[in-house]
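Below is entry39.txt, holding compact mmCIF, C-alpha atoms.
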```
# COMPACT_ATOMS: atom_id res chain seq x y z
CA MET A 242 30.14 12.14 -17.92
CA SER A 243 27.90 14.56 -19.77
CA GLU A 244 26.67 17.78 -18.24
CA SER A 245 23.25 16.35 -17.58
CA ALA A 246 24.64 13.40 -15.63
CA LEU A 247 22.89 12.79 -12.33
CA THR A 248 24.62 12.79 -8.95
CA CYS A 249 24.20 10.01 -6.40
CA LYS A 250 22.23 12.42 -4.25
CA GLU A 251 19.78 12.91 -7.10
CA ILE A 252 19.62 9.22 -7.95
CA VAL A 253 18.33 8.19 -4.52
CA GLU A 254 15.37 10.54 -4.95
CA LEU A 255 14.47 8.86 -8.26
CA VAL A 256 14.83 5.20 -7.35
CA SER A 257 11.24 4.71 -6.20
CA ASP A 258 9.79 6.11 -9.43
CA TYR A 259 12.47 4.26 -11.41
CA LEU A 260 11.34 0.93 -9.97
CA ASP A 261 7.69 1.78 -10.68
CA GLY A 262 8.50 2.71 -14.27
CA GLY A 263 7.36 6.25 -13.52
CA LEU A 264 10.30 8.16 -15.00
CA ASP A 265 10.31 9.70 -18.44
CA GLU A 266 12.50 7.96 -20.97
CA ARG A 267 15.37 10.43 -20.83
CA THR A 268 15.61 10.44 -17.03
CA ALA A 269 15.35 6.65 -16.90
CA ARG A 270 18.27 6.45 -19.33
CA LEU A 271 20.34 8.82 -17.19
CA VAL A 272 19.62 6.65 -14.16
CA ASP A 273 20.64 3.53 -16.08
CA GLU A 274 23.89 5.17 -17.16
CA HIS A 275 24.68 6.21 -13.61
CA LEU A 276 23.86 2.81 -12.12
CA ALA A 277 26.16 1.07 -14.58
CA LEU A 278 29.11 3.08 -13.21
CA CYS A 279 28.26 3.51 -9.54
CA PRO A 280 28.47 0.57 -7.10
CA GLY A 281 27.05 2.68 -4.24
CA CYS A 282 23.86 3.56 -6.12
CA ASP A 283 23.61 0.06 -7.49
CA ALA A 284 23.69 -1.24 -3.90
CA TYR A 285 21.08 1.35 -2.93
CA LEU A 286 18.78 0.22 -5.75
CA ASP A 287 19.24 -3.40 -4.76
CA GLN A 288 18.46 -2.61 -1.13
CA MET A 289 15.30 -0.81 -2.22
CA ARG A 290 14.29 -3.85 -4.27
CA GLN A 291 14.87 -6.06 -1.23
CA THR A 292 12.83 -3.70 0.92
CA LEU A 293 9.91 -3.88 -1.52
CA LYS A 294 10.20 -7.64 -1.68
CA VAL A 295 9.96 -7.91 2.09
CA LEU A 296 7.04 -5.46 2.10
CA GLY A 297 5.24 -7.67 -0.39
CA SER A 298 5.63 -10.62 1.96
CA VAL A 299 4.19 -8.84 5.00
CA THR A 300 1.00 -10.48 6.23
CA PRO A 301 -1.35 -7.63 6.95
CA GLU A 302 -3.27 -7.69 10.20
CA ASN A 303 -6.83 -8.90 10.10
CA LEU A 304 -9.82 -8.09 12.32
CA SER A 305 -9.77 -9.42 15.85
CA GLU A 306 -11.68 -12.61 16.42
CA SER A 307 -14.27 -10.88 18.56
CA THR A 308 -15.01 -8.27 15.91
CA ARG A 309 -15.28 -10.97 13.28
CA ASP A 310 -17.62 -13.08 15.41
CA GLY A 311 -19.73 -9.99 16.10
CA LEU A 312 -19.97 -9.33 12.38
CA LEU A 313 -21.05 -12.88 11.61
CA ALA A 314 -23.77 -12.61 14.27
CA ALA A 315 -24.91 -9.29 12.81
CA PHE A 316 -24.98 -10.85 9.34
CA ARG A 317 -27.27 -13.64 10.59
CA ASP A 318 -29.64 -10.96 11.95
CA ILE A 319 -29.60 -8.73 8.89
CA ARG A 320 -29.56 -11.52 6.31
CA PRO A 321 -31.29 -14.61 7.69
CA PRO A 322 -30.87 -17.63 5.43
CA GLN A 323 -33.42 -17.66 2.63
CA PRO A 324 -35.06 -20.94 1.68
CA LYS A 325 -33.57 -22.19 -1.55
CA GLY A 326 -36.00 -22.04 -4.28
CA MET B 58 -9.78 2.92 -14.98
CA ARG B 59 -13.27 4.31 -15.29
CA ARG B 60 -13.49 2.76 -18.72
CA ARG B 61 -12.63 -0.63 -17.35
CA ILE B 62 -15.37 -0.37 -14.75
CA GLU B 63 -17.90 0.51 -17.41
CA SER B 64 -16.93 -2.44 -19.51
CA LEU B 65 -17.49 -4.70 -16.52
CA HIS B 66 -20.94 -3.27 -16.18
CA HIS B 67 -21.58 -3.81 -19.82
CA GLY B 68 -21.59 -7.57 -19.79
CA ARG B 69 -23.68 -7.89 -16.68
CA PRO B 70 -24.74 -11.49 -16.27
CA VAL B 71 -27.80 -12.73 -14.47
CA PRO B 72 -27.12 -12.90 -10.76
CA GLY B 73 -26.75 -16.49 -9.82
CA LEU B 74 -25.38 -18.87 -7.28
CA SER B 75 -23.18 -20.82 -9.62
CA PRO B 76 -20.38 -22.59 -7.80
CA GLY B 77 -16.81 -22.32 -8.97
CA VAL B 78 -17.34 -18.75 -10.05
CA ALA B 79 -14.81 -17.06 -12.24
CA SER B 80 -13.38 -13.68 -11.35
CA GLY B 81 -14.86 -10.41 -12.50
CA ALA B 82 -18.32 -8.93 -12.55
CA GLY B 83 -20.07 -12.27 -12.89
CA ALA B 84 -18.27 -13.61 -9.85
CA ASP B 85 -19.11 -10.49 -7.86
CA LEU B 86 -22.80 -10.67 -8.67
CA ALA B 87 -22.84 -14.37 -7.84
CA LEU B 88 -21.21 -13.62 -4.51
CA VAL B 89 -23.70 -10.85 -3.79
CA GLY B 90 -26.46 -13.32 -4.63
CA ARG B 91 -25.12 -15.69 -1.99
CA LEU B 92 -24.91 -12.88 0.55
CA LEU B 93 -28.47 -11.78 -0.19
CA ALA B 94 -29.55 -15.37 0.38
CA GLY B 95 -27.97 -15.28 3.83
CA ASP B 96 -24.96 -17.48 3.07
CA GLU B 97 -22.84 -16.96 6.16
CA THR B 98 -19.87 -18.87 4.77
CA ALA B 99 -19.69 -16.47 1.84
CA PHE B 100 -19.80 -13.55 4.25
CA ALA B 101 -17.05 -15.01 6.44
CA GLU B 102 -14.89 -15.49 3.35
CA ILE B 103 -15.27 -11.98 2.06
CA VAL B 104 -14.71 -10.50 5.51
CA ALA B 105 -11.48 -12.48 5.86
CA ALA B 106 -10.34 -11.49 2.38
CA TYR B 107 -11.06 -7.74 2.38
CA SER B 108 -10.69 -6.68 6.01
CA PRO B 109 -6.87 -6.32 6.08
CA LEU B 110 -7.03 -3.94 3.15
CA MET B 111 -9.98 -2.11 4.72
CA LEU B 112 -8.00 -1.73 7.94
CA HIS B 113 -5.18 -0.07 6.00
CA ILE B 114 -7.61 2.36 4.42
CA ALA B 115 -9.43 3.09 7.67
CA ARG B 116 -6.15 3.69 9.47
CA GLY B 117 -5.47 6.48 7.00
CA PHE B 118 -8.40 8.48 8.34
CA VAL B 119 -8.49 7.77 12.06
CA SER B 120 -5.98 8.08 14.86
CA ASN B 121 -5.39 4.52 15.97
CA ARG B 122 -5.80 0.84 15.29
CA ALA B 123 -8.84 0.43 17.55
CA SER B 124 -10.74 3.18 15.72
CA ALA B 125 -9.78 1.61 12.41
CA GLU B 126 -11.26 -1.70 13.56
CA ASP B 127 -14.50 0.14 14.47
CA VAL B 128 -14.55 1.75 11.03
CA VAL B 129 -14.16 -1.58 9.28
CA GLN B 130 -16.88 -3.11 11.43
CA GLU B 131 -19.26 -0.27 10.62
CA ALA B 132 -18.39 -0.50 6.94
CA TRP B 133 -19.26 -4.21 6.90
CA LEU B 134 -22.60 -3.53 8.58
CA GLY B 135 -23.24 -0.93 5.89
CA VAL B 136 -22.35 -3.47 3.22
CA CYS B 137 -24.73 -6.06 4.75
CA ARG B 138 -27.60 -3.62 4.87
CA GLY B 139 -26.90 -2.05 1.51
CA LEU B 140 -26.35 -5.14 -0.62
CA GLU B 141 -29.42 -4.43 -2.73
CA ALA B 142 -27.74 -1.23 -3.89
CA PHE B 143 -24.81 -3.08 -5.45
CA GLU B 144 -25.37 -3.14 -9.17
CA GLY B 145 -22.03 -4.35 -10.45
CA ARG B 146 -21.06 -0.96 -11.83
CA SER B 147 -17.76 -1.28 -10.07
CA SER B 148 -16.19 -4.41 -8.68
CA LEU B 149 -17.52 -5.56 -5.33
CA ARG B 150 -14.13 -4.87 -3.81
CA THR B 151 -14.07 -1.29 -5.09
CA TRP B 152 -17.60 -0.79 -3.75
CA VAL B 153 -16.68 -2.15 -0.31
CA LEU B 154 -13.50 -0.05 -0.23
CA ALA B 155 -15.44 3.11 -1.11
CA ILE B 156 -17.86 2.44 1.76
CA THR B 157 -14.87 1.94 4.07
CA ARG B 158 -13.36 5.22 2.90
CA ASN B 159 -16.64 7.07 3.53
CA VAL B 160 -17.09 5.63 7.01
CA GLY B 161 -13.42 6.33 7.79
CA ARG B 162 -13.65 9.90 6.64
CA ARG B 163 -16.76 10.49 8.75
CA ARG B 164 -15.13 8.96 11.79
CA GLY B 165 -11.99 11.00 11.21
CA ALA B 166 -14.04 14.19 11.15
CA VAL B 167 -15.66 13.25 14.46
CA GLU B 168 -12.24 12.54 15.96
CA ALA B 169 -11.09 15.84 14.49
CA LYS B 170 -8.12 13.92 13.23
CA GLU B 171 -8.77 14.13 9.55
CA LEU B 172 -5.43 13.85 7.85
CA PRO B 173 -4.65 16.67 5.49
CA TRP B 174 -4.39 14.37 2.52
CA SER B 175 -4.25 17.34 0.20
CA GLN B 176 -0.87 18.37 1.58
CA ILE B 177 2.18 16.37 0.78
CA ASP B 178 4.28 14.96 3.55
CA ASP B 179 7.33 16.93 2.57
CA ASP B 180 9.58 17.22 5.55
CA GLY B 181 12.31 18.61 3.30
CA ASN B 182 14.60 15.72 4.14
CA GLY B 183 16.12 13.65 1.38
CA ALA B 184 15.88 9.91 1.03
CA VAL B 185 19.33 9.62 2.57
CA ASP B 186 21.21 11.64 5.20
CA PRO B 187 22.91 14.47 3.24
CA ALA B 188 26.09 13.93 5.26
CA ARG B 189 26.65 10.75 3.24
CA PHE B 190 27.20 12.80 0.08
CA ARG B 191 30.16 14.97 -0.88
CA GLY B 192 29.54 18.66 -0.41
CA PRO B 193 30.09 21.69 -2.62
CA GLY B 194 33.73 22.31 -3.35
CA ASP B 195 34.34 18.63 -3.91
CA PRO B 196 34.81 17.78 -7.59
CA TRP B 197 32.38 14.87 -6.99
CA CYS B 198 29.82 17.04 -5.24
CA GLY B 199 26.62 15.04 -4.74
CA GLY B 200 28.45 11.72 -4.95
CA TRP B 201 28.66 9.26 -2.06
CA THR B 202 31.45 9.83 0.42
CA GLU B 203 33.71 6.88 1.05
CA VAL B 204 31.97 5.83 4.25
CA GLY B 205 28.56 7.00 3.11
CA ALA B 206 28.12 4.69 0.14
CA PRO B 207 25.67 1.84 0.68
CA VAL B 208 27.20 -1.60 0.94
CA PRO B 209 25.23 -4.53 -0.48
CA TRP B 210 23.40 -6.51 2.17
CA SER B 211 24.94 -9.91 2.55
CA PRO B 212 23.03 -13.00 1.48
CA GLU B 213 23.11 -14.14 5.12
CA GLN B 214 21.33 -11.00 6.21
CA LEU B 215 18.74 -11.35 3.50
CA ALA B 216 18.27 -15.02 4.28
CA LEU B 217 16.79 -13.97 7.60
CA ASP B 218 13.52 -13.64 5.78
CA GLY B 219 11.28 -14.02 8.77
CA GLU B 220 13.27 -11.47 10.69
CA ALA B 221 13.29 -8.94 7.86
CA ARG B 222 9.53 -9.31 7.61
CA ARG B 223 9.07 -8.83 11.33
CA LEU B 224 11.26 -5.71 11.23
CA VAL B 225 9.54 -4.20 8.22
CA THR B 226 6.14 -4.86 9.77
CA ARG B 227 7.20 -2.95 12.84
CA TYR B 228 8.89 -0.12 10.94
CA LEU B 229 5.89 0.24 8.67
CA ASP B 230 3.72 0.76 11.69
CA GLU B 231 6.03 3.53 12.86
CA LEU B 232 5.98 5.52 9.61
CA PRO B 233 4.15 8.87 9.52
CA ASP B 234 0.44 8.23 8.95
CA ARG B 235 0.19 9.19 5.31
CA GLN B 236 3.39 7.47 4.28
CA ARG B 237 2.34 4.30 6.08
CA THR B 238 -1.07 4.29 4.44
CA VAL B 239 0.27 4.75 0.92
CA VAL B 240 3.08 2.21 1.33
CA ALA B 241 0.69 -0.34 2.85
CA LEU B 242 -1.87 0.06 0.08
CA CYS B 243 0.69 0.04 -2.75
CA ASP B 244 3.42 -2.32 -1.59
CA VAL B 245 1.68 -4.64 0.85
CA ASP B 246 -1.81 -4.83 -0.67
CA GLY B 247 -0.68 -4.26 -4.25
CA LEU B 248 -3.33 -1.71 -5.18
CA GLY B 249 -2.74 0.30 -8.33
CA VAL B 250 -1.84 3.98 -8.28
CA ASP B 251 -5.26 4.97 -9.70
CA GLN B 252 -7.12 3.17 -6.98
CA VAL B 253 -4.95 4.50 -4.17
CA CYS B 254 -5.36 8.06 -5.42
CA GLU B 255 -9.11 7.66 -5.74
CA ILE B 256 -9.59 6.13 -2.30
CA LEU B 257 -7.43 8.67 -0.51
CA GLY B 258 -8.41 11.61 -2.68
CA ILE B 259 -4.84 12.55 -3.55
CA SER B 260 -3.07 13.41 -6.78
CA PRO B 261 -0.69 10.94 -8.45
CA GLY B 262 2.12 13.39 -7.66
CA ASN B 263 1.38 13.34 -3.94
CA GLN B 264 1.01 9.59 -4.01
CA ARG B 265 4.46 9.24 -5.57
CA VAL B 266 6.10 11.51 -3.02
CA LEU B 267 4.51 9.73 -0.06
CA LEU B 268 5.44 6.34 -1.48
CA HIS B 269 9.00 7.46 -2.17
CA ARG B 270 9.48 8.88 1.32
CA GLY B 271 7.96 5.89 3.06
CA ARG B 272 10.02 3.40 1.08
CA ALA B 273 13.21 5.40 1.56
CA ARG B 274 12.62 5.46 5.29
CA LEU B 275 12.04 1.73 5.48
CA ARG B 276 15.19 1.01 3.50
CA GLN B 277 17.12 3.30 5.83
CA LEU B 278 15.77 1.55 8.93
CA LEU B 279 16.75 -1.84 7.52
CA GLU B 280 20.19 -0.50 6.66
CA ASP B 281 20.58 0.86 10.19
CA TYR B 282 19.58 -2.51 11.56
CA TYR B 283 21.91 -4.53 9.36
CA GLY B 284 24.73 -2.06 9.79
CA ARG B 285 26.55 -0.65 6.84
CA GLY B 286 28.60 -3.70 6.05
CA GLU B 287 32.19 -3.65 7.27
CA VAL B 288 32.55 0.08 6.87
CA HIS B 289 30.43 0.87 9.91
CA PRO B 290 30.83 -1.51 12.83
```

Once you've parsed the file, please lay out its structure as structure tokens.
Amino acid sequence: MSESALTCKEIVELVSDYLDGGLDERTARLVDEHLALCPGCDAYLDQMRQTLKVLGSVTPENLSESTRDGLLAAFRDIRPPQPKG
Amino acid sequence: MRRRIESLHHGRPVPGLSPGVASGAGADLALVGRLLAGDETAFAEIVAAYSPLMLHIARGFVSNRASAEDVVQEAWLGVCRGLEAFEGRSSLRTWVLAITRNVGRRRGAVEAKELPWSQIDDDGNGAVDPARFRGPGDPWCGGWTEVGAPVPWSPEQLALDGEARRLVTRYLDELPDRQRTVVALCDVDGLGVDQVCEILGISPGNQRVLLHRGRARLRQLLEDYYGRGEVHP
């Protein structure tokens, strides 16, 4: 390993930016080199990918039905249907 | 990003009610035309589509879910009343989100709960418990210890898709406010970095740190739940 090689402890702080493509070229290369040799960090990266995948599948909460119904009623008041013309 | 918005403005089409609208500025103006004409179906659609994202934004400025719901409601009323002011300079979504942000910020100030978005959420902790790394004096200082190294999650664990989603939904809710807001906007709603920074008024650097910390915490919680493979019973 070269002097500038990254430790596992450093890698885990870079993984988020690495996945977003936010690292500069040199750092990204150092991460790649480390990952190729380190099963622990490779597992960490994979777990982070899985975490993001699950996050992407989360169905975000919507408004309650009562709030939504209230909004539709308010819309009818504020914007009564205009005759088509 | 600003440039993109201007170019949308550039080709501004005549507002119309054409069905089967394409995306982009033309679609937005057509939709606004329908709203101005009192088309309740169009309003119901846009409320269903944007409100989850608006709730995430609102929650970043107020102290609880109920307040966030109030903020989103107020923002929609503002949108209904202010439709004439929409000129297609930005996308309709961006316009609605900006109104949500403004209402949220105002409400946060009243609640005296305004989050210090200008400060980063740096608790000084790393992404992983430092005890899992070798200490100074070890020739592999900074490397994983034998029991500390992550073990790949088994396909069976990952196959529990519904369960993982349920867990992550719950853990996300338990994250510190700023981390939760940034993770929700970036990783659940898929907003771009530019937009998240603009809405929350934070720098790209702060955004990255909050995202990193939130994600690291969620991964850790999942790892705790699944156990660390065979190494940790």

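Take CA of Ser298 (chain A) and CA of Pro109 (chain B): the distance between them is 13.8 Å.
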
Quick one: residues within 12 Å of Ile103 (chain B), all atoms listed in the file counted, chain neighbours fewer than 5 positions away excluded, as a PyMOL selection string?
-> (chain A and resi 309+312-313) or (chain B and resi 85+88-89+91-92+96-98+108-111+133+136-137+149-150+153)

Any chance you could export the current selection's C-alpha atoms as a PDB file, in the frame of the given file?
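Full text of part-v6.pdb as output:
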```pdb
ATOM      1  CA  ARG A 309     -15.280 -10.970  13.280  1.00  0.00           C
ATOM      2  CA  LEU A 312     -19.970  -9.330  12.380  1.00  0.00           C
ATOM      3  CA  LEU A 313     -21.050 -12.880  11.610  1.00  0.00           C
TER       4      LEU A 313
ATOM      5  CA  ASP B  85     -19.110 -10.490  -7.860  1.00  0.00           C
ATOM      6  CA  LEU B  88     -21.210 -13.620  -4.510  1.00  0.00           C
ATOM      7  CA  VAL B  89     -23.700 -10.850  -3.790  1.00  0.00           C
ATOM      8  CA  ARG B  91     -25.120 -15.690  -1.990  1.00  0.00           C
ATOM      9  CA  LEU B  92     -24.910 -12.880   0.550  1.00  0.00           C
ATOM     10  CA  ASP B  96     -24.960 -17.480   3.070  1.00  0.00           C
ATOM     11  CA  GLU B  97     -22.840 -16.960   6.160  1.00  0.00           C
ATOM     12  CA  THR B  98     -19.870 -18.870   4.770  1.00  0.00           C
ATOM     13  CA  SER B 108     -10.690  -6.680   6.010  1.00  0.00           C
ATOM     14  CA  PRO B 109      -6.870  -6.320   6.080  1.00  0.00           C
ATOM     15  CA  LEU B 110      -7.030  -3.940   3.150  1.00  0.00           C
ATOM     16  CA  MET B 111      -9.980  -2.110   4.720  1.00  0.00           C
ATOM     17  CA  TRP B 133     -19.260  -4.210   6.900  1.00  0.00           C
ATOM     18  CA  VAL B 136     -22.350  -3.470   3.220  1.00  0.00           C
ATOM     19  CA  CYS B 137     -24.730  -6.060   4.750  1.00  0.00           C
ATOM     20  CA  LEU B 149     -17.520  -5.560  -5.330  1.00  0.00           C
ATOM     21  CA  ARG B 150     -14.130  -4.870  -3.810  1.00  0.00           C
ATOM     22  CA  VAL B 153     -16.680  -2.150  -0.310  1.00  0.00           C
TER      23      VAL B 153
END
```

In Å and to one decimal, CA of Leu257 (chain B) is distant from CA of Arg158 (chain B) by 7.7 Å

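Nearest-residue note for chain A: choosing from B:Gln130, B:Ser211, B:Asn263, B:Gln236, the minimum distance belongs to B:Gln130, counting only C-alpha atoms.
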
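Checking A:Gln323, A:Ser245, A:Thr268, A:Ser307 one by one against chain B, counting all atoms listed in the file, you find the shortest gap at A:Gln323.
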
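Of note, CA of Leu271 (chain A) and CA of Thr248 (chain A) are spaced 10.1 Å apart.
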
Counting all atoms listed in the file, what is within 12 Å of Arg270 (chain A), bar same-chain residues fewer than 2 positions away, as a PDB file with C-alpha atoms, keeping the file's coordinate frame?
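Result file follows (around_35.pdb):
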```pdb
ATOM      1  CA  SER A 245      23.250  16.350 -17.580  1.00  0.00           C
ATOM      2  CA  ALA A 246      24.640  13.400 -15.630  1.00  0.00           C
ATOM      3  CA  LEU A 247      22.890  12.790 -12.330  1.00  0.00           C
ATOM      4  CA  ILE A 252      19.620   9.220  -7.950  1.00  0.00           C
ATOM      5  CA  LEU A 255      14.470   8.860  -8.260  1.00  0.00           C
ATOM      6  CA  TYR A 259      12.470   4.260 -11.410  1.00  0.00           C
ATOM      7  CA  GLY A 262       8.500   2.710 -14.270  1.00  0.00           C
ATOM      8  CA  LEU A 264      10.300   8.160 -15.000  1.00  0.00           C
ATOM      9  CA  ASP A 265      10.310   9.700 -18.440  1.00  0.00           C
ATOM     10  CA  GLU A 266      12.500   7.960 -20.970  1.00  0.00           C
ATOM     11  CA  ARG A 267      15.370  10.430 -20.830  1.00  0.00           C
ATOM     12  CA  THR A 268      15.610  10.440 -17.030  1.00  0.00           C
ATOM     13  CA  VAL A 272      19.620   6.650 -14.160  1.00  0.00           C
ATOM     14  CA  ASP A 273      20.640   3.530 -16.080  1.00  0.00           C
ATOM     15  CA  GLU A 274      23.890   5.170 -17.160  1.00  0.00           C
ATOM     16  CA  HIS A 275      24.680   6.210 -13.610  1.00  0.00           C
ATOM     17  CA  LEU A 276      23.860   2.810 -12.120  1.00  0.00           C
ATOM     18  CA  ALA A 277      26.160   1.070 -14.580  1.00  0.00           C
TER      19      ALA A 277
END
```

Tell me, as a PyMOL selection string, which residues lie within 12 Å of Tyr285 (chain A), counting all atoms listed in the file; anything in the same chain fewer than 5 positions away does not count.
-> (chain A and resi 249-250+252-257+276+279-280+290-292) or (chain B and resi 184-185+201+205-210+272-273+276-277+279-280+285)

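Among B:Thr202, B:Asn182, B:Ser124, B:Ser147, the residue with the shortest atom-to-atom distance to Val266 (chain B), counting all atoms listed in the file, is B:Asn182.
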
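For the residues B:Tyr282, B:Phe143, B:Phe118, B:Trp197, ranking by smallest atom-to-atom distance to chain A using only C-alpha atoms places B:Trp197 first.
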
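Nearest to chain A of all the residues B:Asp244, B:Asp251, B:Glu102, B:Glu220 is B:Asp244, based on all atoms listed in the file.
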
Go through B:Asp246, B:Arg122, B:Arg235, B:Tyr283 and flag the residue nearest Leu267 (chain B), using all atoms listed in the file for the distances.
-> B:Arg235

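Summary of the local environment: counting only C-alpha atoms, residues at most 9 Å from Asn303 (chain A), other than itself and those fewer than 2 positions away along its chain, are Thr300, Pro301, Ser305 and Glu306 of chain A; Ala105, Ala106, Tyr107, Ser108, Pro109, Leu110 and Leu112 of chain B.
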
Pull C-alpha atoms from the residues just selected and write them as an mmCIF file, in the coordinates of the input.
```cif
data_model
loop_
_atom_site.group_PDB
_atom_site.id
_atom_site.type_symbol
_atom_site.label_atom_id
_atom_site.label_comp_id
_atom_site.auth_asym_id
_atom_site.auth_seq_id
_atom_site.Cartn_x
_atom_site.Cartn_y
_atom_site.Cartn_z
ATOM 1 C CA THR A 300 1.000 -10.480 6.230
ATOM 2 C CA PRO A 301 -1.350 -7.630 6.950
ATOM 3 C CA SER A 305 -9.770 -9.420 15.850
ATOM 4 C CA GLU A 306 -11.680 -12.610 16.420
ATOM 5 C CA ALA B 105 -11.480 -12.480 5.860
ATOM 6 C CA ALA B 106 -10.340 -11.490 2.380
ATOM 7 C CA TYR B 107 -11.060 -7.740 2.380
ATOM 8 C CA SER B 108 -10.690 -6.680 6.010
ATOM 9 C CA PRO B 109 -6.870 -6.320 6.080
ATOM 10 C CA LEU B 110 -7.030 -3.940 3.150
ATOM 11 C CA LEU B 112 -8.000 -1.730 7.940
#
```

To box region 141-157 of chain B, take all atoms listed in the file, fit an axis-aligned box, add 6 Å on each side, and give centre and edge lengths in Å to one decimal, as lines of an AutoDock Vina configuration file.
```
center_x = -21.5
center_y = -1.2
center_z = -3.9
size_x = 27.9
size_y = 20.7
size_z = 27.9
```

Give as a count of residues only every residue, naming chains and numbers as the document does, that has an atom within 6 Å of (-29.4, -16.6, 5.1), counting only C-alpha atoms.
-> 7

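Counting only C-alpha atoms, Leu296 (chain A) has the following residues at most 8 Å away, ignoring those fewer than 2 positions along the same chain: Thr292, Leu293, Lys294, Ser298 and Val299 of chain A; Arg222, Val225, Thr226, Asp244 and Val245 of chain B.
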
Keeping C-alpha atoms for every residue in the selection just given, could you write it to a file as a PDB file, in the coordinates of the input?
```pdb
ATOM      1  CA  THR A 292      12.830  -3.700   0.920  1.00  0.00           C
ATOM      2  CA  LEU A 293       9.910  -3.880  -1.520  1.00  0.00           C
ATOM      3  CA  LYS A 294      10.200  -7.640  -1.680  1.00  0.00           C
ATOM      4  CA  SER A 298       5.630 -10.620   1.960  1.00  0.00           C
ATOM      5  CA  VAL A 299       4.190  -8.840   5.000  1.00  0.00           C
TER       6      VAL A 299
ATOM      7  CA  ARG B 222       9.530  -9.310   7.610  1.00  0.00           C
ATOM      8  CA  VAL B 225       9.540  -4.200   8.220  1.00  0.00           C
ATOM      9  CA  THR B 226       6.140  -4.860   9.770  1.00  0.00           C
ATOM     10  CA  ASP B 244       3.420  -2.320  -1.590  1.00  0.00           C
ATOM     11  CA  VAL B 245       1.680  -4.640   0.850  1.00  0.00           C
TER      12      VAL B 245
END
```
